[in-house]
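First up is the structure itself, then whatever we jot down about it.
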Amino acid sequence: MKLKPEAVNRRLVRGLNGDIRREFELADACLHQARFLPAETYPVIYRQVAVCAATALANATALAAEVMALGGIPALPAGRRHEEIPVPSRRYRLGSREMLAHYRRRLRMAEGLGFLRLREVFQQIVRTKELHLAHTGFMTGGLARRHLCG
């Protein structure tokens with residue numbers, strides 16, 4: 001059974017809105033982690049956390065533009081309460097790998113549907129996720145891995 005273009009667009013908009021929320025949550029988590037990191041002691045890591053948050057917001061913006069191009073309404077960030085302790089580094093790296101795998105699937109989906117502009121957006125997101133994940137692998141020490149996001 002072949003789906004109508006309107007149904008494909010609705011499902012795609014719903015999925016992209018989930019991705020937008022995911023990117024907002026990542027930016028929020030990065031900024032939350034920065035609270036536990038003294039900027040004076042770890043300036044390089046602190047800057048990387050800021051870059052991660054900015055990249056996540058840029059990804060959310062690019063995805064929101066695609067939602068609007070498909071005739072949908074982009075998702076808004078949801079307010080969240082955070083624990084008062086930082087997230088362990090293992091959980092961060094696992095989340096980064098899962099997000100990278102998710103966006104690689106999204107990239108294949110956009111290619112399969114023939115959405116070229118959306119494919120370019122996902123290619124850029126995959127590149128940034130790979131870069132962040134690679135960066136966390138090269139830095140030594142638990143503190144560096146704990147505070148870099150992907």
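Residue numbers start at 1 in each chain; chains themselves are named A, B, ... in the order of the structure tokens; ligands are numbered from 1 in the order shown.
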
Problem - All residues 12 Å or closer to A:Pro5, only C-alpha atoms, same chain fewer than 4 positions away omitted, as a VMD selection string - result: chain A and resid 9 to 12 70 113

Handout entry: Polymer residues at most 9 Å from stretch 74-79 of chain A, only C-alpha atoms, same-chain spacing of 6 or more positions, as a ChimeraX atom specification
Key = /A:13,16-18,20-22,24-25,63-68

Emit the selected residues as a tab-separated table (two decimals), in the first residue's frame, including N, CA and C atoms.
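Final file, part25.tsv:
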```tsv
chain	number	residue	atom	x	y	z
A	13	VAL	N	6.85	15.24	9.34
A	13	VAL	CA	6.81	16.39	10.24
A	13	VAL	C	6.80	15.91	11.69
A	16	LEU	N	10.31	14.71	12.49
A	16	LEU	CA	11.25	15.84	12.58
A	16	LEU	C	11.02	16.64	13.86
A	17	ASN	N	9.76	16.77	14.26
A	17	ASN	CA	9.50	17.47	15.53
A	17	ASN	C	10.09	16.72	16.71
A	18	GLY	N	10.08	15.40	16.65
A	18	GLY	CA	10.76	14.62	17.69
A	18	GLY	C	12.25	14.87	17.68
A	20	ILE	N	13.68	17.66	16.66
A	20	ILE	CA	13.86	19.02	17.19
A	20	ILE	C	13.87	18.98	18.72
A	21	ARG	N	12.91	18.27	19.30
A	21	ARG	CA	12.87	18.16	20.77
A	21	ARG	C	14.15	17.51	21.30
A	22	ARG	N	14.63	16.49	20.60
A	22	ARG	CA	15.85	15.80	21.01
A	22	ARG	C	17.05	16.77	21.01
A	24	PHE	N	16.90	20.09	21.29
A	24	PHE	CA	16.70	21.03	22.40
A	24	PHE	C	17.13	20.40	23.72
A	25	GLU	N	16.76	19.14	23.92
A	25	GLU	CA	17.14	18.45	25.15
A	25	GLU	C	18.65	18.31	25.27
A	63	LEU	N	16.31	21.82	11.35
A	63	LEU	CA	15.18	20.89	11.29
A	63	LEU	C	13.84	21.63	11.30
A	64	ALA	N	13.77	22.72	12.09
A	64	ALA	CA	12.54	23.51	12.13
A	64	ALA	C	12.24	24.13	10.77
A	65	ALA	N	13.28	24.57	10.07
A	65	ALA	CA	13.09	25.12	8.72
A	65	ALA	C	12.52	24.06	7.78
A	66	GLU	N	12.99	22.83	7.92
A	66	GLU	CA	12.46	21.74	7.08
A	66	GLU	C	11.01	21.43	7.41
A	67	VAL	N	10.67	21.47	8.69
A	67	VAL	CA	9.27	21.25	9.10
A	67	VAL	C	8.38	22.32	8.46
A	68	MET	N	8.84	23.56	8.50
A	68	MET	CA	8.05	24.65	7.92
A	68	MET	C	7.94	24.49	6.41
```

Practice task
Tell me, as an NGL selection string, which residues lie within 10 Å of A:Ala54, counting only C-alpha atoms; anything in the same chain fewer than 3 positions away does not count.
Solution key: :A and (26-27 or 30-31 or 48-51 or 57-60)

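Between A:His135 and the residues A:Gly72, A:Ala110, A:Ser96, A:Ala62, the shortest atom-to-atom distance, using only C-alpha atoms, involves A:Ser96.
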
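Of the listed residues (A:Cys52, A:Arg104, A:Leu133, A:Arg35), A:Arg104 comes nearest to A:Arg119; the distances count only C-alpha atoms.
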
Practice task
Write down as a ChimeraX atom specification the residues of stretch 3-147 of chain A whose backbone DSSP state falls under helix (DSSP H, G or I).
Solution key: /A:5-34,43-69,89-113,116-138,142-147
